[in-house]
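File shown here: structure-v3.txt, holding compact mmCIF, C-alpha atoms.
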# COMPACT_ATOMS: atom_id res chain seq x y z
CA MET B 1 116.55 153.55 53.56
CA ALA B 2 117.42 152.32 56.97
CA GLU B 3 119.00 148.91 57.17
CA GLN B 4 116.77 146.43 58.89
CA MET B 5 118.39 144.66 61.81
CA LYS B 6 117.78 140.95 62.22
CA PRO B 7 116.11 140.47 65.56
CA GLY B 8 118.11 138.43 68.04
CA VAL B 9 116.97 136.04 70.73
CA GLY B 10 114.99 137.83 73.39
CA PRO B 11 115.71 137.31 77.09
CA LEU B 12 112.54 135.25 77.56
CA GLU B 13 112.72 133.22 74.35
CA TYR B 14 114.24 130.18 75.99
CA GLY B 15 113.08 127.81 73.27
CA ARG B 16 115.38 129.48 70.74
CA ARG B 17 118.53 129.10 72.78
CA ARG B 18 120.79 126.39 71.37
CA TRP B 19 122.17 125.15 74.68
CA LEU B 20 118.68 124.73 76.07
CA GLN B 21 117.55 122.81 73.00
CA VAL B 22 120.52 120.46 73.39
CA LEU B 23 119.82 120.02 77.10
CA PHE B 24 116.16 119.30 76.36
CA GLY B 25 117.12 116.72 73.74
CA LEU B 26 119.57 114.99 76.10
CA THR B 27 116.90 114.88 78.82
CA LEU B 28 114.46 113.18 76.46
CA VAL B 29 117.12 110.65 75.45
CA VAL B 30 117.97 109.79 79.07
CA LEU B 31 114.30 109.45 80.01
CA TYR B 32 112.89 107.58 77.05
CA LEU B 33 115.77 105.70 75.40
CA PRO B 34 115.81 102.94 78.09
CA ILE B 35 112.06 102.47 77.63
CA ALA B 36 112.49 102.29 73.85
CA VAL B 37 115.26 99.70 74.25
CA LEU B 38 113.08 97.61 76.59
CA ILE B 39 110.21 97.64 74.08
CA ALA B 40 112.52 96.85 71.18
CA PHE B 41 114.15 93.87 72.92
CA SER B 42 110.75 92.46 73.81
CA PHE B 43 110.65 91.45 70.12
CA ASN B 44 114.14 89.93 70.11
CA GLN B 45 114.56 86.26 69.14
CA GLN B 46 117.39 85.61 71.57
CA ASN B 47 116.10 84.77 75.04
CA ARG B 48 119.02 86.26 76.98
CA GLY B 49 121.81 88.72 76.46
CA GLY B 50 121.86 92.14 74.88
CA VAL B 51 122.46 91.18 71.26
CA TRP B 52 119.77 91.62 68.64
CA LYS B 53 119.15 88.33 66.81
CA GLY B 54 115.97 89.08 64.88
CA PHE B 55 112.35 90.09 65.17
CA THR B 56 109.78 87.79 66.78
CA LEU B 57 106.42 87.94 68.54
CA GLU B 58 106.96 84.72 70.48
CA ASN B 59 107.96 86.51 73.68
CA TYR B 60 104.43 87.80 74.23
CA PRO B 61 102.75 84.35 74.16
CA LYS B 62 105.54 83.12 76.44
CA ALA B 63 104.83 85.90 78.91
CA TRP B 64 101.09 85.22 78.68
CA HIS B 65 101.51 81.51 79.34
CA ASN B 66 104.06 82.01 82.11
CA GLN B 67 101.76 81.37 85.06
CA SER B 68 103.94 83.11 87.64
CA ILE B 69 104.18 86.31 85.56
CA TYR B 70 100.47 86.16 84.76
CA ASP B 71 99.50 85.75 88.42
CA ALA B 72 101.82 88.58 89.47
CA MET B 73 100.36 90.88 86.82
CA VAL B 74 96.80 90.08 87.89
CA ASN B 75 97.72 90.73 91.52
CA SER B 76 99.29 94.10 90.69
CA LEU B 77 96.35 95.24 88.56
CA THR B 78 93.84 94.13 91.21
CA ILE B 79 95.74 95.93 93.97
CA ALA B 80 96.11 99.08 91.86
CA PHE B 81 92.43 99.12 90.90
CA VAL B 82 91.11 98.68 94.46
CA THR B 83 93.70 101.08 95.86
CA THR B 84 92.76 103.73 93.30
CA LEU B 85 89.06 103.53 94.12
CA ILE B 86 89.47 103.75 97.90
CA ALA B 87 92.38 106.20 97.91
CA THR B 88 90.54 108.53 95.53
CA VAL B 89 87.43 108.60 97.74
CA ILE B 90 89.42 109.14 100.94
CA GLY B 91 91.76 111.68 99.36
CA THR B 92 88.85 113.68 97.91
CA MET B 93 87.04 113.77 101.26
CA VAL B 94 90.23 114.82 103.04
CA ALA B 95 90.83 117.57 100.45
CA VAL B 96 87.31 118.95 100.91
CA MET B 97 87.67 118.82 104.69
CA MET B 98 91.04 120.61 104.65
CA TRP B 99 89.72 123.23 102.22
CA ARG B 100 86.40 123.98 103.88
CA PHE B 101 86.72 123.50 107.64
CA ARG B 102 88.81 124.98 110.39
CA PHE B 103 89.63 123.00 113.53
CA PRO B 104 92.26 123.28 116.30
CA ILE B 105 94.62 120.53 115.11
CA LYS B 106 94.41 121.35 111.42
CA PRO B 107 98.13 122.26 111.00
CA ALA B 108 99.18 119.09 112.83
CA TYR B 109 96.81 117.00 110.73
CA GLU B 110 98.16 118.53 107.50
CA ALA B 111 101.70 117.68 108.58
CA ALA B 112 100.74 114.12 109.55
CA MET B 113 98.87 113.59 106.29
CA GLY B 114 101.96 114.53 104.31
CA LEU B 115 104.25 112.09 106.12
CA PRO B 116 103.74 109.22 103.64
CA ILE B 117 104.93 111.56 100.89
CA VAL B 118 108.12 112.83 102.53
CA ILE B 119 109.39 109.86 104.55
CA PRO B 120 111.44 107.19 102.75
CA GLU B 121 109.38 104.28 101.47
CA ILE B 122 111.59 101.75 103.23
CA CYS B 123 110.77 103.37 106.58
CA MET B 124 107.07 103.22 105.84
CA GLY B 125 107.37 99.63 104.66
CA VAL B 126 109.16 98.51 107.81
CA ALA B 127 106.69 100.41 110.01
CA LEU B 128 103.70 98.80 108.30
CA LEU B 129 105.34 95.36 108.52
CA LEU B 130 105.86 95.74 112.28
CA PHE B 131 102.29 96.99 112.69
CA PHE B 132 100.77 94.14 110.68
CA ASN B 133 102.82 91.51 112.51
CA SER B 134 102.21 92.89 115.99
CA THR B 135 98.44 93.12 115.46
CA GLY B 136 98.13 89.77 113.69
CA ILE B 137 96.74 91.36 110.52
CA MET B 138 99.44 89.84 108.34
CA GLY B 139 98.69 86.27 109.39
CA PHE B 140 94.93 86.83 109.32
CA PHE B 141 94.81 88.02 105.71
CA SER B 142 97.57 85.68 104.49
CA ALA B 143 95.41 82.68 105.38
CA MET B 144 92.52 83.92 103.23
CA ILE B 145 91.78 83.06 99.62
CA TRP B 146 92.46 85.37 96.68
CA PRO B 147 91.87 88.35 96.48
CA PHE B 148 91.52 88.84 100.24
CA ASN B 149 95.12 87.73 100.77
CA LEU B 150 96.11 90.98 99.02
CA SER B 151 94.51 93.08 101.76
CA THR B 152 97.71 94.00 103.60
CA ILE B 153 99.26 95.36 100.40
CA ILE B 154 96.06 97.23 99.55
CA ILE B 155 95.91 98.81 103.02
CA ALA B 156 99.54 99.86 102.74
CA HIS B 157 99.06 101.29 99.25
CA ILE B 158 95.96 103.24 100.33
CA ALA B 159 97.89 104.77 103.24
CA PHE B 160 100.66 105.72 100.81
CA CYS B 161 98.53 106.99 97.90
CA PHE B 162 95.63 108.94 99.38
CA PRO B 163 97.77 111.96 100.45
CA PHE B 164 98.78 112.43 96.82
CA VAL B 165 95.12 112.47 95.79
CA ALA B 166 94.28 114.92 98.59
CA ILE B 167 97.03 117.34 97.53
CA VAL B 168 95.99 117.29 93.86
CA VAL B 169 92.27 117.75 94.60
CA ARG B 170 92.90 120.47 97.17
CA SER B 171 95.04 122.41 94.71
CA ARG B 172 92.07 122.28 92.34
CA LEU B 173 89.71 123.58 95.04
CA VAL B 174 91.84 126.68 95.59
CA GLY B 175 90.28 128.27 92.50
CA PHE B 176 86.69 127.43 93.42
CA ASN B 177 84.29 130.36 93.80
CA LYS B 178 82.28 129.74 96.95
CA GLN B 179 79.59 132.06 95.68
CA LEU B 180 78.52 129.24 93.37
CA GLU B 181 77.58 127.19 96.42
CA GLU B 182 75.68 130.11 97.88
CA ALA B 183 73.82 130.60 94.60
CA SER B 184 72.95 126.91 94.52
CA ARG B 185 71.56 127.04 98.03
CA ASP B 186 69.58 130.20 97.21
CA LEU B 187 67.99 128.36 94.28
CA GLY B 188 66.72 125.63 96.61
CA ALA B 189 69.39 122.93 96.41
CA ASN B 190 70.34 121.16 99.62
CA GLU B 191 73.93 120.46 100.70
CA TRP B 192 74.04 117.03 99.06
CA GLN B 193 72.74 118.33 95.73
CA THR B 194 75.14 121.25 95.86
CA PHE B 195 78.05 118.91 96.52
CA TRP B 196 77.27 116.56 93.62
CA GLN B 197 76.11 119.13 91.07
CA ILE B 198 78.44 122.06 91.82
CA LEU B 199 81.51 120.95 93.75
CA VAL B 200 82.16 117.50 92.28
CA PRO B 201 82.08 118.67 88.61
CA PHE B 202 84.55 121.41 89.52
CA MET B 203 86.84 118.89 91.26
CA LYS B 204 86.56 116.36 88.41
CA PRO B 205 89.91 117.18 86.71
CA GLY B 206 91.70 117.01 90.06
CA ILE B 207 89.95 113.78 91.03
CA ILE B 208 90.89 112.13 87.74
CA ALA B 209 94.49 113.33 87.98
CA GLY B 210 94.73 112.13 91.58
CA ALA B 211 93.24 108.74 90.67
CA LEU B 212 95.72 108.32 87.82
CA LEU B 213 98.58 109.22 90.16
CA ALA B 214 97.37 106.71 92.76
CA PHE B 215 96.99 104.00 90.10
CA THR B 216 100.52 104.54 88.81
CA LEU B 217 102.09 104.71 92.28
CA SER B 218 100.35 101.52 93.35
CA LEU B 219 101.07 99.63 90.14
CA ASP B 220 104.83 100.11 90.17
CA ASP B 221 105.50 100.19 93.93
CA PHE B 222 108.17 97.77 95.07
CA VAL B 223 109.55 98.73 98.48
CA ILE B 224 106.30 98.96 100.47
CA THR B 225 104.90 95.93 98.66
CA PHE B 226 108.01 93.89 99.41
CA PHE B 227 107.59 94.40 103.17
CA THR B 228 103.81 94.06 103.40
CA ALA B 229 103.19 91.13 101.03
CA GLY B 230 102.21 87.78 102.49
CA PRO B 231 104.22 84.58 101.89
CA GLU B 232 101.98 83.48 99.01
CA THR B 233 101.47 86.94 97.48
CA VAL B 234 103.67 88.17 94.63
CA THR B 235 103.15 91.34 92.62
CA PHE B 236 104.62 92.17 89.24
CA PRO B 237 107.47 94.45 90.43
CA VAL B 238 108.51 91.91 93.08
CA LYS B 239 108.34 89.07 90.53
CA ILE B 240 110.46 90.99 88.04
CA TYR B 241 113.01 91.75 90.75
CA SER B 242 113.35 88.05 91.56
CA MET B 243 113.67 87.10 87.88
CA VAL B 244 116.32 89.65 86.85
CA LYS B 245 118.74 88.27 89.44
CA THR B 246 119.50 85.43 87.03
CA GLY B 247 119.40 87.57 83.90
CA VAL B 248 116.68 89.33 81.97
CA LYS B 249 114.54 87.04 79.87
CA TYR B 250 112.71 88.68 77.01
CA GLU B 251 109.28 87.54 78.17
CA VAL B 252 109.98 89.86 81.10
CA ASN B 253 110.50 92.66 78.60
CA ALA B 254 107.25 91.68 76.90
CA ALA B 255 105.30 91.75 80.17
CA SER B 256 106.90 95.09 81.05
CA THR B 257 105.93 96.47 77.65
CA ILE B 258 102.33 95.42 78.24
CA LEU B 259 102.41 97.21 81.59
CA ILE B 260 103.78 100.35 79.91
CA PHE B 261 100.94 100.35 77.40
CA ILE B 262 98.40 99.82 80.17
CA THR B 263 99.79 102.91 81.90
CA ILE B 264 99.71 104.90 78.65
CA LEU B 265 96.12 103.80 78.03
CA ALA B 266 95.13 104.90 81.54
CA THR B 267 96.82 108.27 80.96
CA VAL B 268 95.04 108.81 77.64
CA LEU B 269 91.72 107.87 79.22
CA ALA B 270 92.32 110.27 82.10
CA MET B 271 93.17 113.09 79.69
CA LYS B 272 90.02 112.29 77.71
CA LEU B 273 87.90 112.48 80.85
CA GLN B 274 89.56 115.73 81.90
CA ALA B 275 88.94 117.41 78.54
CA PRO B 276 86.02 119.86 78.51
CA GLU B 277 82.89 118.54 76.87
CA LYS B 278 82.07 119.99 73.46
CA SER B 279 78.73 121.68 73.50
CA GLY B 280 78.31 121.60 69.75
CA HIS B 281 77.33 125.27 69.56

Using structure tokens, write down the structure from this file.
Amino acid sequence: MAEQMKPGVGPLEYGRRRWLQVLFGLTLVVLYLPIAVLIAFSFNQQNRGGVWKGFTLENYPKAWHNQSIYDAMVNSLTIAFVTTLIATVIGTMVAVMMWRFRFPIKPAYEAAMGLPIVIPEICMGVALLLFFNSTGIMGFFSAMIWPFNLSTIIIAHIAFCFPFVAIVVRSRLVGFNKQLEEASRDLGANEWQTFWQILVPFMKPGIIAGALLAFTLSLDDFVITFFTAGPETVTFPVKIYSMVKTGVKYEVNAASTILIFITILATVLAMKLQAPEKSGH
């Protein structure tokens, strides 16, 4: 009876290689341990320092009743929400245009559209600041009441975020079968009906993913916001930056934890919307 040989690790079975498992574990620790520490210390009794003194929930009411943190959080969420709506619409239209049409300056337009992605944020922030100041837009919107005084930041975030949406949606359109449009037209649907009933449902996962990406980029942006914010406008990242100069207070950790859970909730909602509907058959 032939002796059975214990099968070894195949050349493509990367998950069974010990060194790769260790590397994967170290990567998870580096990525998520700081976030876990931030969340844990948001329940710490001591207001400053890095020593655990006991569990408490008082930091969350403190963060809620801190008017400056509250206003900064509301500003950031408002900017992110408006930016996501507008950037998603513009990015989707740009993706459809780049996918469907041919025109003489298409390569140049594709390169220009990708500039906000590849150039350093500080360069874009300085460029937008000079543009807003030279045209008087900064002073015009800064004198307005809330939320119109956030307009310069929203414009800057839209310019920064919509190329990301366009890239995600266009990558989704690569797999679209154009014969579906032709079949829709043959069955009597006009271009508008074909767009909403055939093309938009196909783009839906890409649109949702692009919107989530725009929301996240806008919510945690610091550099562009720092240069384009008015004198009376403070967002959450800028507020946190000004507060940590004198030491991290644990209501800052609490507010940051709330922001993390808002992002997780948005991600779960996006995944739920992207999931295929169950037909029940």

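You can rank B:Met73, B:Val252, B:Gln197, B:Phe160 by their closest distance to Ile119 of chain B using only C-alpha atoms, and at the top of that list sits B:Phe160.
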
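The interatomic distance for the pair atom CA of Met98 of chain B and atom CA of Arg170 of chain B works out to 7.7 Å.
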
message: One decimal, in Å: what's the spacing between atom CA of Ser42 of chain B and atom CA of Asn253 of chain B?
response: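 Atom CA of Asn253 of chain B lies at a distance of 4.8 Å from atom CA of Ser42 of chain B.
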
message: Report, in Å with one decimal, the straight-line distance from atom CA of Val37 of chain B to atom CA of Ala211 of chain B.
response: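 Straight-line distance from atom CA of Val37 of chain B to atom CA of Ala211 of chain B works out to 28.9 Å.
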
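Counting only C-alpha atoms, the residue from B:Leu28, B:Ala159, B:Ala254, B:Val169 that sits nearest to Phe41 of chain B is B:Ala254.
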
field: Best match for closeness to Thr216 of chain B among B:Gln21, B:Gln179, B:Thr267, B:Thr233, counting all atoms listed in the file
entry: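 Answer, going by the shortest atom-to-atom distance: B:Thr267.
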
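Distances to Thr78 of chain B were evaluated for B:Cys161, B:Leu150, B:Ile240, B:Leu212 using only C-alpha atoms, and the minimum falls at B:Leu150.
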
task: Find, counting all atoms listed in the file, the residue in B:Leu85, B:Met203, B:Leu128, B:Met138 that gets nearest to Gly175 of chain B.
output: B:Met203

query: Could you pull the residues within 9 Å of Leu57 of chain B, counting all atoms listed in the file, minus those fewer than 6 positions along the same chain, as a ChimeraX atom specification?
result: /B:42-45

Would you list the residues near (88.9, 121.7, 100.7) (no more than 9 Å away, in the coordinates of the file, using only C-alpha atoms) as a PDB file with C-alpha atoms, keeping the file's coordinate frame?
ATOM      1  CA  THR B  92      88.850 113.680  97.910  1.00  0.00           C
ATOM      2  CA  MET B  93      87.040 113.770 101.260  1.00  0.00           C
ATOM      3  CA  VAL B  94      90.230 114.820 103.040  1.00  0.00           C
ATOM      4  CA  ALA B  95      90.830 117.570 100.450  1.00  0.00           C
ATOM      5  CA  VAL B  96      87.310 118.950 100.910  1.00  0.00           C
ATOM      6  CA  MET B  97      87.670 118.820 104.690  1.00  0.00           C
ATOM      7  CA  MET B  98      91.040 120.610 104.650  1.00  0.00           C
ATOM      8  CA  TRP B  99      89.720 123.230 102.220  1.00  0.00           C
ATOM      9  CA  ARG B 100      86.400 123.980 103.880  1.00  0.00           C
ATOM     10  CA  PHE B 101      86.720 123.500 107.640  1.00  0.00           C
ATOM     11  CA  ALA B 166      94.280 114.920  98.590  1.00  0.00           C
ATOM     12  CA  VAL B 169      92.270 117.750  94.600  1.00  0.00           C
ATOM     13  CA  ARG B 170      92.900 120.470  97.170  1.00  0.00           C
ATOM     14  CA  SER B 171      95.040 122.410  94.710  1.00  0.00           C
ATOM     15  CA  ARG B 172      92.070 122.280  92.340  1.00  0.00           C
ATOM     16  CA  LEU B 173      89.710 123.580  95.040  1.00  0.00           C
ATOM     17  CA  VAL B 174      91.840 126.680  95.590  1.00  0.00           C
TER      18      VAL B 174
END

Shortest interatomic distance to Val234 of chain B - which of B:Gly54, B:Pro147, B:Pro34, B:Gly25, counting all atoms listed in the file: B:Pro147

If the box runs along x, y and z of the file and leaves 6 Å on each side of segment 118-129 of chain B, what are its centre and edge lengths in Å, one decimal, as JSON?
{"center_x": 107.6, "center_y": 104.1, "center_z": 105.7, "size_x": 19.9, "size_y": 29.5, "size_z": 20.5}

Export segment 57-71 of chain B, all heavy atoms, as a short mmCIF file (atom, residue, chain, number, x, y, z; two decimals), in the first residue's frame; it's the structure right above.
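Just written: result_13.cif:
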data_model
loop_
_atom_site.label_atom_id
_atom_site.label_comp_id
_atom_site.auth_asym_id
_atom_site.auth_seq_id
_atom_site.Cartn_x
_atom_site.Cartn_y
_atom_site.Cartn_z
N LEU B 57 -18.45 57.76 30.76
CA LEU B 57 -19.16 58.22 29.56
C LEU B 57 -19.29 59.75 29.52
O LEU B 57 -19.95 60.29 28.63
CB LEU B 57 -20.57 57.61 29.52
CG LEU B 57 -20.64 56.08 29.36
CD1 LEU B 57 -22.08 55.62 29.48
CD2 LEU B 57 -20.04 55.65 28.02
N GLU B 58 -18.63 60.43 30.47
CA GLU B 58 -18.79 61.86 30.58
C GLU B 58 -18.18 62.63 29.41
O GLU B 58 -18.56 63.78 29.16
CB GLU B 58 -18.17 62.35 31.89
CG GLU B 58 -18.87 61.85 33.14
CD GLU B 58 -18.21 62.35 34.40
OE1 GLU B 58 -17.17 63.04 34.28
OE2 GLU B 58 -18.73 62.05 35.49
N ASN B 59 -17.21 62.01 28.73
CA ASN B 59 -16.55 62.73 27.63
C ASN B 59 -17.51 63.01 26.47
O ASN B 59 -17.36 64.01 25.77
CB ASN B 59 -15.35 61.93 27.12
CG ASN B 59 -14.25 61.83 28.15
OD1 ASN B 59 -13.99 62.78 28.89
ND2 ASN B 59 -13.62 60.67 28.22
N TYR B 60 -18.49 62.16 26.28
CA TYR B 60 -19.41 62.35 25.16
C TYR B 60 -20.37 63.52 25.42
O TYR B 60 -20.57 64.34 24.52
CB TYR B 60 -20.17 61.05 24.89
CG TYR B 60 -19.29 60.02 24.21
CD1 TYR B 60 -18.51 59.14 24.96
CD2 TYR B 60 -19.21 59.94 22.82
CE1 TYR B 60 -17.68 58.21 24.34
CE2 TYR B 60 -18.40 59.02 22.20
CZ TYR B 60 -17.63 58.16 22.97
OH TYR B 60 -16.81 57.25 22.34
N PRO B 61 -20.97 63.65 26.62
CA PRO B 61 -21.75 64.87 26.88
C PRO B 61 -20.90 66.14 26.81
O PRO B 61 -21.37 67.19 26.37
CB PRO B 61 -22.31 64.64 28.29
CG PRO B 61 -22.34 63.16 28.44
CD PRO B 61 -21.15 62.66 27.70
N LYS B 62 -19.62 66.04 27.25
CA LYS B 62 -18.74 67.20 27.17
C LYS B 62 -18.52 67.61 25.72
O LYS B 62 -18.53 68.80 25.39
CB LYS B 62 -17.40 66.89 27.84
CG LYS B 62 -17.45 66.80 29.35
CD LYS B 62 -16.07 66.50 29.91
CE LYS B 62 -16.10 66.40 31.43
NZ LYS B 62 -14.76 66.07 31.99
N ALA B 63 -18.29 66.61 24.86
CA ALA B 63 -18.10 66.92 23.45
C ALA B 63 -19.38 67.48 22.83
O ALA B 63 -19.33 68.40 22.00
CB ALA B 63 -17.66 65.66 22.69
N TRP B 64 -20.53 66.96 23.25
CA TRP B 64 -21.81 67.44 22.71
C TRP B 64 -22.10 68.87 23.13
O TRP B 64 -22.64 69.66 22.35
CB TRP B 64 -22.92 66.50 23.16
CG TRP B 64 -24.28 66.91 22.67
CD1 TRP B 64 -25.23 67.59 23.37
CD2 TRP B 64 -24.83 66.67 21.37
NE1 TRP B 64 -26.35 67.79 22.60
CE2 TRP B 64 -26.13 67.23 21.36
CE3 TRP B 64 -24.37 66.04 20.22
CZ2 TRP B 64 -26.96 67.19 20.24
CZ3 TRP B 64 -25.19 65.98 19.12
CH2 TRP B 64 -26.46 66.55 19.12
N HIS B 65 -21.75 69.21 24.35
CA HIS B 65 -22.02 70.55 24.86
C HIS B 65 -20.88 71.53 24.60
O HIS B 65 -21.01 72.71 24.96
CB HIS B 65 -22.31 70.49 26.37
CG HIS B 65 -23.58 69.78 26.71
ND1 HIS B 65 -23.62 68.47 27.12
CD2 HIS B 65 -24.88 70.19 26.66
CE1 HIS B 65 -24.87 68.10 27.33
NE2 HIS B 65 -25.66 69.13 27.07
N ASN B 66 -19.79 71.07 24.01
CA ASN B 66 -18.73 71.98 23.59
C ASN B 66 -19.18 72.65 22.30
O ASN B 66 -19.18 72.03 21.23
CB ASN B 66 -17.42 71.21 23.39
CG ASN B 66 -16.24 72.13 23.16
OD1 ASN B 66 -16.33 73.11 22.45
ND2 ASN B 66 -15.11 71.78 23.75
N GLN B 67 -19.55 73.91 22.38
CA GLN B 67 -20.17 74.59 21.24
C GLN B 67 -19.25 74.68 20.05
O GLN B 67 -19.69 74.54 18.90
CB GLN B 67 -20.62 76.00 21.65
CG GLN B 67 -21.52 76.68 20.63
CD GLN B 67 -22.83 75.95 20.43
OE1 GLN B 67 -23.41 75.43 21.39
NE2 GLN B 67 -23.30 75.87 19.19
N SER B 68 -17.96 74.88 20.28
CA SER B 68 -17.02 75.00 19.15
C SER B 68 -16.87 73.68 18.41
O SER B 68 -16.84 73.64 17.18
CB SER B 68 -15.66 75.48 19.66
OG SER B 68 -15.11 74.57 20.60
N ILE B 69 -16.80 72.56 19.16
CA ILE B 69 -16.71 71.25 18.52
C ILE B 69 -18.01 70.92 17.80
O ILE B 69 -18.01 70.40 16.68
CB ILE B 69 -16.37 70.16 19.56
CG1 ILE B 69 -14.96 70.37 20.13
CG2 ILE B 69 -16.47 68.77 18.93
CD1 ILE B 69 -14.56 69.34 21.16
N TYR B 70 -19.13 71.23 18.44
CA TYR B 70 -20.44 70.97 17.83
C TYR B 70 -20.60 71.74 16.53
O TYR B 70 -21.03 71.18 15.51
CB TYR B 70 -21.54 71.35 18.82
CG TYR B 70 -22.94 71.16 18.28
CD1 TYR B 70 -23.56 69.91 18.31
CD2 TYR B 70 -23.65 72.24 17.74
CE1 TYR B 70 -24.83 69.73 17.81
CE2 TYR B 70 -24.92 72.07 17.25
CZ TYR B 70 -25.51 70.82 17.29
OH TYR B 70 -26.79 70.65 16.78
N ASP B 71 -20.25 73.03 16.54
CA ASP B 71 -20.38 73.84 15.32
C ASP B 71 -19.46 73.32 14.22
O ASP B 71 -19.85 73.29 13.04
CB ASP B 71 -20.05 75.30 15.63
CG ASP B 71 -21.09 75.96 16.53
OD1 ASP B 71 -22.22 75.42 16.61
OD2 ASP B 71 -20.78 76.99 17.15
#
